[in-house]
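Text of the file entry00.csv, holding CSV, C-alpha atoms:
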```csv
chain,number,residue,atom,x,y,z
L,231,MET,CA,-3.2,27.6,-39.5
L,232,ALA,CA,-0.5,25.1,-40.2
L,233,ASP,CA,1.9,27.1,-38.0
L,234,GLN,CA,-0.5,27.1,-35.1
L,235,VAL,CA,0.6,25.3,-32.0
L,236,HIS,CA,-2.1,23.0,-30.6
L,237,VAL,CA,-2.1,22.9,-26.8
L,238,LYS,CA,-3.6,19.7,-25.4
L,239,GLN,CA,-6.4,20.8,-23.1
L,240,GLN,CA,-7.5,18.5,-20.2
L,241,VAL,CA,-11.0,17.6,-20.9
L,242,VAL,CA,-11.7,15.0,-18.2
L,243,LYS,CA,-10.3,15.6,-14.7
L,244,ASP,CA,-11.3,12.2,-13.4
L,245,PHE,CA,-14.2,9.7,-13.6
L,246,THR,CA,-16.3,7.6,-11.4
L,247,LEU,CA,-17.7,4.3,-12.5
L,248,GLU,CA,-21.3,3.9,-11.4
L,249,ILE,CA,-22.3,0.3,-10.5
L,250,PRO,CA,-25.8,-0.8,-9.9
L,251,VAL,CA,-26.3,-2.9,-6.7
L,252,LYS,CA,-29.2,-4.4,-4.7
L,253,ASP,CA,-28.1,-3.3,-1.2
L,254,ILE,CA,-25.8,-0.3,-1.0
L,255,GLN,CA,-24.5,-0.8,2.5
L,256,GLN,CA,-23.8,-4.5,2.0
L,257,SER,CA,-22.1,-3.8,-1.3
L,258,ALA,CA,-20.0,-1.0,0.1
L,259,GLU,CA,-18.8,-3.3,2.8
L,260,TRP,CA,-17.9,-5.9,0.2
L,261,TYR,CA,-15.8,-3.5,-1.8
L,262,VAL,CA,-14.1,-2.2,1.3
L,263,ASN,CA,-13.3,-5.6,2.8
L,264,TYR,CA,-12.3,-7.5,-0.3
L,265,LEU,CA,-10.8,-4.9,-2.7
L,266,GLY,CA,-9.5,-2.2,-0.3
L,267,PHE,CA,-11.8,0.7,-1.2
L,268,GLU,CA,-12.4,3.5,1.3
L,269,LEU,CA,-15.9,4.8,1.8
L,270,VAL,CA,-16.1,8.5,1.1
L,271,GLU,CA,-18.4,10.6,3.2
L,272,PRO,CA,-21.9,9.0,2.8
L,273,VAL,CA,-24.5,10.6,0.6
L,274,LEU,CA,-28.2,9.6,0.8
L,275,GLY,CA,-29.0,6.9,-1.7
L,276,ILE,CA,-25.4,6.1,-2.9
L,277,ALA,CA,-22.1,5.0,-1.6
L,278,GLU,CA,-19.0,6.5,-3.2
L,279,LEU,CA,-15.8,4.6,-2.7
L,280,ARG,CA,-12.2,5.6,-3.5
L,281,LEU,CA,-8.8,3.9,-3.9
L,282,GLY,CA,-5.6,5.5,-2.8
L,283,SER,CA,-4.9,6.1,-6.5
L,284,GLY,CA,-7.9,8.4,-6.7
L,285,CYS,CA,-10.0,6.0,-8.7
L,286,ARG,CA,-13.6,6.0,-7.6
L,287,ILE,CA,-16.8,4.0,-7.9
L,288,CYS,CA,-20.3,4.9,-7.0
L,289,LEU,CA,-22.7,2.2,-5.9
L,290,PHE,CA,-26.4,2.9,-6.5
L,291,GLN,CA,-29.7,1.1,-6.4
L,292,PRO,CA,-31.3,1.2,-9.9
L,293,ASP,CA,-34.8,2.8,-10.3
L,294,HIS,CA,-36.9,0.7,-12.6
L,295,THR,CA,-40.0,2.8,-12.5
L,296,ASP,CA,-39.2,6.5,-13.1
L,297,GLU,CA,-37.7,7.0,-16.5
L,298,THR,CA,-36.7,10.6,-15.6
L,299,SER,CA,-34.6,9.4,-12.7
L,300,TYR,CA,-30.8,9.7,-13.1
L,301,TRP,CA,-30.6,6.1,-11.7
L,302,TYR,CA,-33.2,4.7,-14.1
L,303,VAL,CA,-32.3,1.3,-15.5
L,304,LYS,CA,-34.8,-0.2,-18.0
L,305,ASP,CA,-33.9,-3.9,-17.9
L,306,ARG,CA,-33.8,-5.2,-14.4
L,307,ASP,CA,-32.1,-8.4,-15.4
L,308,ASN,CA,-29.5,-7.1,-17.8
L,309,TYR,CA,-27.6,-4.1,-16.4
L,310,ARG,CA,-24.4,-5.8,-15.2
L,311,VAL,CA,-21.1,-4.0,-15.6
L,312,ARG,CA,-17.7,-5.3,-16.2
L,313,VAL,CA,-14.9,-3.6,-14.3
L,314,CYS,CA,-11.2,-4.3,-14.9
L,315,LEU,CA,-9.0,-3.7,-11.8
L,316,ARG,CA,-5.3,-3.6,-12.2
L,317,VAL,CA,-3.8,-5.1,-9.1
L,318,PRO,CA,-0.1,-5.3,-7.9
L,319,ASP,CA,-0.3,-8.9,-6.7
L,320,LEU,CA,-2.7,-11.0,-8.7
L,321,GLU,CA,-2.0,-14.3,-7.0
L,322,GLN,CA,-2.5,-12.9,-3.6
L,323,LEU,CA,-5.9,-11.4,-4.5
L,324,HIS,CA,-6.9,-14.7,-6.2
L,325,SER,CA,-6.0,-16.6,-3.0
L,326,ARG,CA,-7.7,-14.1,-0.7
L,327,LEU,CA,-10.9,-14.2,-2.6
L,328,SER,CA,-10.9,-18.0,-3.0
L,329,GLU,CA,-10.3,-18.4,0.7
L,330,ALA,CA,-13.2,-16.1,1.5
L,331,GLY,CA,-15.5,-18.2,-0.7
L,332,VAL,CA,-15.7,-15.9,-3.7
L,333,ASN,CA,-16.0,-18.0,-6.9
L,334,VAL,CA,-13.0,-17.0,-9.0
L,335,SER,CA,-11.9,-18.2,-12.4
L,336,PRO,CA,-8.4,-19.7,-12.9
L,337,ILE,CA,-5.7,-17.1,-13.6
L,338,GLU,CA,-5.2,-17.1,-17.4
L,339,GLY,CA,-3.2,-15.0,-19.8
L,340,ASP,CA,0.0,-14.9,-21.7
L,341,ILE,CA,3.3,-13.1,-21.9
L,342,GLY,CA,2.7,-9.6,-23.2
L,343,CYS,CA,-1.0,-8.9,-22.3
L,344,GLY,CA,-0.5,-10.3,-18.9
L,345,TRP,CA,-2.5,-12.5,-16.5
L,346,ALA,CA,-6.0,-12.0,-15.2
L,347,PHE,CA,-8.9,-13.8,-13.6
L,348,HIS,CA,-12.6,-12.9,-13.2
L,349,PHE,CA,-15.0,-13.0,-10.4
L,350,HIS,CA,-18.3,-11.4,-9.4
L,351,ASP,CA,-19.3,-9.1,-6.6
L,352,ILE,CA,-22.3,-9.9,-4.4
L,353,ASN,CA,-24.6,-8.3,-7.0
L,354,ARG,CA,-23.2,-10.5,-9.9
L,355,ASN,CA,-21.4,-7.6,-11.5
L,356,LYS,CA,-18.4,-9.1,-13.3
L,357,LEU,CA,-15.0,-7.9,-12.2
L,358,VAL,CA,-11.7,-8.7,-13.8
L,359,ALA,CA,-8.5,-8.6,-11.8
L,360,TRP,CA,-5.5,-8.0,-14.1
L,361,GLY,CA,-1.8,-7.9,-13.2
L,362,GLY,CA,-0.9,-5.5,-16.0
L,363,TYR,CA,1.2,-5.9,-19.1
L,364,THR,CA,4.3,-8.1,-18.6
L,365,LYS,CA,7.8,-6.8,-19.3
L,366,GLU,CA,8.0,-9.1,-22.3
L,367,HIS,CA,5.1,-7.2,-24.0
L,368,VAL,CA,5.9,-6.9,-27.6
L,369,TRP,CA,3.8,-5.4,-30.4
L,370,PHE,CA,4.0,-7.1,-33.7
L,371,TYR,CA,2.0,-7.6,-36.9
L,372,GLU,CA,1.6,-11.0,-38.6
```

Would you mind writing the file out in structure tokens?
Amino acid sequence: MADQVHVKQQVVKDFTLEIPVKDIQQSAEWYVNYLGFELVEPVLGIAELRLGSGCRICLFQPDHTDETSYWYVKDRDNYRVRVCLRVPDLEQLHSRLSEAGVNVSPIEGDIGCGWAFHFHDINRNKLVAWGGYTKEHVWFYE
């Protein structure tokens, strides 16, 4: 067995982040207008959106009554998600969202891990915009 070559098998082809929203159409428009997503062919009851990179999100209205429903969410007040979006121009997005009236945090961070700010979509789901690791990123142990 020690001489056996292990071939890494692709287990996950891609993934879609499912985000609970109050109004699917209004939320889809928000993600298209502010974050550059493209609406994929509509499906009844959901909105699937995609970025040019292939990353996808699925917006859905939670079902609080039918525990057998795929979209069932038990706690109506505590089902928020946090999504981290790596963006090519952090300052530009920060300015664009601020100018549009979106409440954004200050850009914070440090050399290495990079810079980020957070904001909420129209459903109060927390989103984090992150510029990526900086070139000065160094791993060390103290």

Notebook entry, point to check: In Å to one decimal, how far is CA of Leu269 (chain L) from CA of Asp319 (chain L)?
Noted result: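 Those two atoms sit 22.4 Å apart.
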
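Excluding His350 (chain L) itself and any same-chain residue fewer than 4 positions from it, the protein and nucleic acid residues within 9 Å of it, counting all atoms listed in the file, are Val332, Asn333, Val334, Arg354, Asn355, Lys356, Leu357 and Val358 of chain L.
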
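Residue nearest Tyr363 (chain L) within the list L:Pro336, L:Gly344, L:Gly266, L:Pro292: L:Gly344 [criterion: smallest interatomic distance, all atoms listed in the file].
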
Check: If you measure from CA of Glu321 (chain L) to CA of Gly361 (chain L), what distance in Å do you get, rounded to one decimal?
Finding: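 Separation between CA of Glu321 (chain L) and CA of Gly361 (chain L): 8.9 Å.
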
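Shortest separation to Ile287 (chain L) among L:Thr246, L:Ser325, L:Gln255, L:Asn353 occurs at residue L:Thr246, atoms counted being all atoms listed in the file.
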
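Interatomic distance, CA of Ile337 (chain L) against CA of Phe245 (chain L): 28.1 Å.
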
Margin query: Quick one: residues within 10 Å of Leu320 (chain L), all atoms listed in the file, excluding same-chain residues fewer than 6 positions away - as an NGL selection string?
Written below: :L and (326 or 337 or 345-347 or 359-362)

Just-selected residues, C-alpha atoms written as a PDB file, in the coordinates of the input:
```
ATOM      1  CA  ARG L 326      -7.700 -14.100  -0.700  1.00  0.00           C
ATOM      2  CA  ILE L 337      -5.700 -17.100 -13.600  1.00  0.00           C
ATOM      3  CA  TRP L 345      -2.500 -12.500 -16.500  1.00  0.00           C
ATOM      4  CA  ALA L 346      -6.000 -12.000 -15.200  1.00  0.00           C
ATOM      5  CA  PHE L 347      -8.900 -13.800 -13.600  1.00  0.00           C
ATOM      6  CA  ALA L 359      -8.500  -8.600 -11.800  1.00  0.00           C
ATOM      7  CA  TRP L 360      -5.500  -8.000 -14.100  1.00  0.00           C
ATOM      8  CA  GLY L 361      -1.800  -7.900 -13.200  1.00  0.00           C
ATOM      9  CA  GLY L 362      -0.900  -5.500 -16.000  1.00  0.00           C
TER      10      GLY L 362
END
```

Checklist line | Distance criterion (only C-alpha atoms): nearest to Ile276 (chain L) out of L:Ser257, L:Gln322, L:Thr364, L:Ser299 | finding: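 The shortest atom-to-atom distance to Ile276 (chain L) comes from L:Ser257.
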
Next item on the list: Would you list the residues near (-6.0, -1.9, -0.9) (no more than 10 Å away, in the coordinates of the file, using all atoms listed in the file) as a PyMOL selection string?
Entry: chain L and resi 261-268+281-283+317-318

Checklist line | Residue with smallest distance to Glu278 (chain L) - pool L:Asp253, L:Asp351, L:Glu248, L:Asp296, counting all atoms listed in the file | finding: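 For Glu278 (chain L), the nearest of the given residues is L:Glu248.
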
Might you pull out every residue within 12 Å of Leu274 (chain L), with all atoms listed in the file counted and same-chain residues fewer than 2 positions away left off, and present them as an mmCIF file with C-alpha atoms, keeping the file's coordinate frame?
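Output saved as part-v3.cif:
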```cif
data_model
loop_
_atom_site.group_PDB
_atom_site.id
_atom_site.type_symbol
_atom_site.label_atom_id
_atom_site.label_comp_id
_atom_site.auth_asym_id
_atom_site.auth_seq_id
_atom_site.Cartn_x
_atom_site.Cartn_y
_atom_site.Cartn_z
ATOM 1 C CA ILE L 254 -25.800 -0.300 -1.000
ATOM 2 C CA GLN L 255 -24.500 -0.800 2.500
ATOM 3 C CA GLU L 271 -18.400 10.600 3.200
ATOM 4 C CA PRO L 272 -21.900 9.000 2.800
ATOM 5 C CA ILE L 276 -25.400 6.100 -2.900
ATOM 6 C CA ALA L 277 -22.100 5.000 -1.600
ATOM 7 C CA GLU L 278 -19.000 6.500 -3.200
ATOM 8 C CA LEU L 289 -22.700 2.200 -5.900
ATOM 9 C CA PHE L 290 -26.400 2.900 -6.500
ATOM 10 C CA GLN L 291 -29.700 1.100 -6.400
#
```

Generate all heavy atoms for region 267-278 of chain L and emit them as an mmCIF file, keeping the file's coordinate frame.
```
data_model
loop_
_atom_site.group_PDB
_atom_site.id
_atom_site.type_symbol
_atom_site.label_atom_id
_atom_site.label_comp_id
_atom_site.auth_asym_id
_atom_site.auth_seq_id
_atom_site.Cartn_x
_atom_site.Cartn_y
_atom_site.Cartn_z
ATOM 1 N N PHE L 267 -11.219 -0.629 -1.021
ATOM 2 C CA PHE L 267 -11.800 0.700 -1.200
ATOM 3 C C PHE L 267 -12.012 1.381 0.107
ATOM 4 O O PHE L 267 -12.175 0.723 1.130
ATOM 5 C CB PHE L 267 -13.078 0.648 -2.018
ATOM 6 C CG PHE L 267 -12.908 0.495 -3.496
ATOM 7 C CD1 PHE L 267 -12.736 -0.755 -4.059
ATOM 8 C CD2 PHE L 267 -12.921 1.602 -4.331
ATOM 9 C CE1 PHE L 267 -12.575 -0.906 -5.429
ATOM 10 C CE2 PHE L 267 -12.764 1.467 -5.695
ATOM 11 C CZ PHE L 267 -12.595 0.209 -6.245
ATOM 12 N N GLU L 268 -12.066 2.691 0.095
ATOM 13 C CA GLU L 268 -12.400 3.500 1.300
ATOM 14 C C GLU L 268 -13.694 4.199 1.011
ATOM 15 O O GLU L 268 -13.886 4.794 -0.054
ATOM 16 C CB GLU L 268 -11.269 4.508 1.503
ATOM 17 C CG GLU L 268 -11.556 5.520 2.579
ATOM 18 C CD GLU L 268 -10.499 6.621 2.599
ATOM 19 O OE1 GLU L 268 -9.360 6.380 2.178
ATOM 20 O OE2 GLU L 268 -10.837 7.736 3.028
ATOM 21 N N LEU L 269 -14.594 4.152 1.971
ATOM 22 C CA LEU L 269 -15.900 4.800 1.800
ATOM 23 C C LEU L 269 -15.684 6.326 1.995
ATOM 24 O O LEU L 269 -15.119 6.780 2.990
ATOM 25 C CB LEU L 269 -16.877 4.301 2.862
ATOM 26 C CG LEU L 269 -18.292 4.868 2.803
ATOM 27 C CD1 LEU L 269 -18.957 4.502 1.472
ATOM 28 C CD2 LEU L 269 -19.117 4.333 3.966
ATOM 29 N N VAL L 270 -16.120 7.082 1.004
ATOM 30 C CA VAL L 270 -16.100 8.500 1.100
ATOM 31 C C VAL L 270 -17.294 8.957 1.882
ATOM 32 O O VAL L 270 -18.225 8.188 2.055
ATOM 33 C CB VAL L 270 -16.123 9.124 -0.368
ATOM 34 C CG1 VAL L 270 -16.156 10.639 -0.363
ATOM 35 C CG2 VAL L 270 -14.932 8.622 -1.177
ATOM 36 N N GLU L 271 -17.321 10.161 2.357
ATOM 37 C CA GLU L 271 -18.400 10.600 3.200
ATOM 38 C C GLU L 271 -19.773 10.206 2.551
ATOM 39 O O GLU L 271 -20.036 10.469 1.381
ATOM 40 C CB GLU L 271 -18.393 12.161 3.278
ATOM 41 C CG GLU L 271 -19.445 12.735 4.184
ATOM 42 C CD GLU L 271 -19.293 14.235 4.359
ATOM 43 O OE1 GLU L 271 -18.168 14.741 4.273
ATOM 44 O OE2 GLU L 271 -20.312 14.888 4.585
ATOM 45 N N PRO L 272 -20.604 9.528 3.340
ATOM 46 C CA PRO L 272 -21.900 9.000 2.800
ATOM 47 C C PRO L 272 -22.802 10.092 2.288
ATOM 48 O O PRO L 272 -22.850 11.188 2.830
ATOM 49 C CB PRO L 272 -22.494 8.283 3.997
ATOM 50 C CG PRO L 272 -21.398 8.085 4.971
ATOM 51 C CD PRO L 272 -20.406 9.179 4.739
ATOM 52 N N VAL L 273 -23.501 9.759 1.225
ATOM 53 C CA VAL L 273 -24.500 10.600 0.600
ATOM 54 C C VAL L 273 -25.785 9.779 0.559
ATOM 55 O O VAL L 273 -25.713 8.593 0.226
ATOM 56 C CB VAL L 273 -24.100 11.095 -0.774
ATOM 57 C CG1 VAL L 273 -25.189 11.916 -1.419
ATOM 58 C CG2 VAL L 273 -22.793 11.872 -0.709
ATOM 59 N N LEU L 274 -26.918 10.355 0.844
ATOM 60 C CA LEU L 274 -28.200 9.600 0.800
ATOM 61 C C LEU L 274 -28.426 8.959 -0.513
ATOM 62 O O LEU L 274 -28.375 9.607 -1.551
ATOM 63 C CB LEU L 274 -29.343 10.556 1.177
ATOM 64 C CG LEU L 274 -30.710 9.895 1.320
ATOM 65 C CD1 LEU L 274 -30.692 8.864 2.444
ATOM 66 C CD2 LEU L 274 -31.778 10.930 1.574
ATOM 67 N N GLY L 275 -28.611 7.656 -0.515
ATOM 68 C CA GLY L 275 -29.000 6.900 -1.700
ATOM 69 C C GLY L 275 -27.832 6.363 -2.539
ATOM 70 O O GLY L 275 -28.075 5.659 -3.510
ATOM 71 N N ILE L 276 -26.595 6.682 -2.193
ATOM 72 C CA ILE L 276 -25.400 6.100 -2.900
ATOM 73 C C ILE L 276 -24.308 5.854 -1.939
ATOM 74 O O ILE L 276 -24.334 6.315 -0.802
ATOM 75 C CB ILE L 276 -24.906 7.090 -4.023
ATOM 76 C CG1 ILE L 276 -24.322 8.368 -3.397
ATOM 77 C CG2 ILE L 276 -25.962 7.387 -5.063
ATOM 78 C CD1 ILE L 276 -23.500 9.189 -4.368
ATOM 79 N N ALA L 277 -23.325 5.124 -2.397
ATOM 80 C CA ALA L 277 -22.100 5.000 -1.600
ATOM 81 C C ALA L 277 -20.947 5.251 -2.623
ATOM 82 O O ALA L 277 -20.826 4.591 -3.648
ATOM 83 C CB ALA L 277 -21.947 3.564 -1.071
ATOM 84 N N GLU L 278 -20.150 6.255 -2.332
ATOM 85 C CA GLU L 278 -19.000 6.500 -3.200
ATOM 86 C C GLU L 278 -17.772 5.979 -2.452
ATOM 87 O O GLU L 278 -17.573 6.186 -1.261
ATOM 88 C CB GLU L 278 -18.818 8.048 -3.369
ATOM 89 C CG GLU L 278 -17.675 8.358 -4.299
ATOM 90 C CD GLU L 278 -17.517 9.835 -4.605
ATOM 91 O OE1 GLU L 278 -18.497 10.591 -4.465
ATOM 92 O OE2 GLU L 278 -16.400 10.217 -4.978
#
```
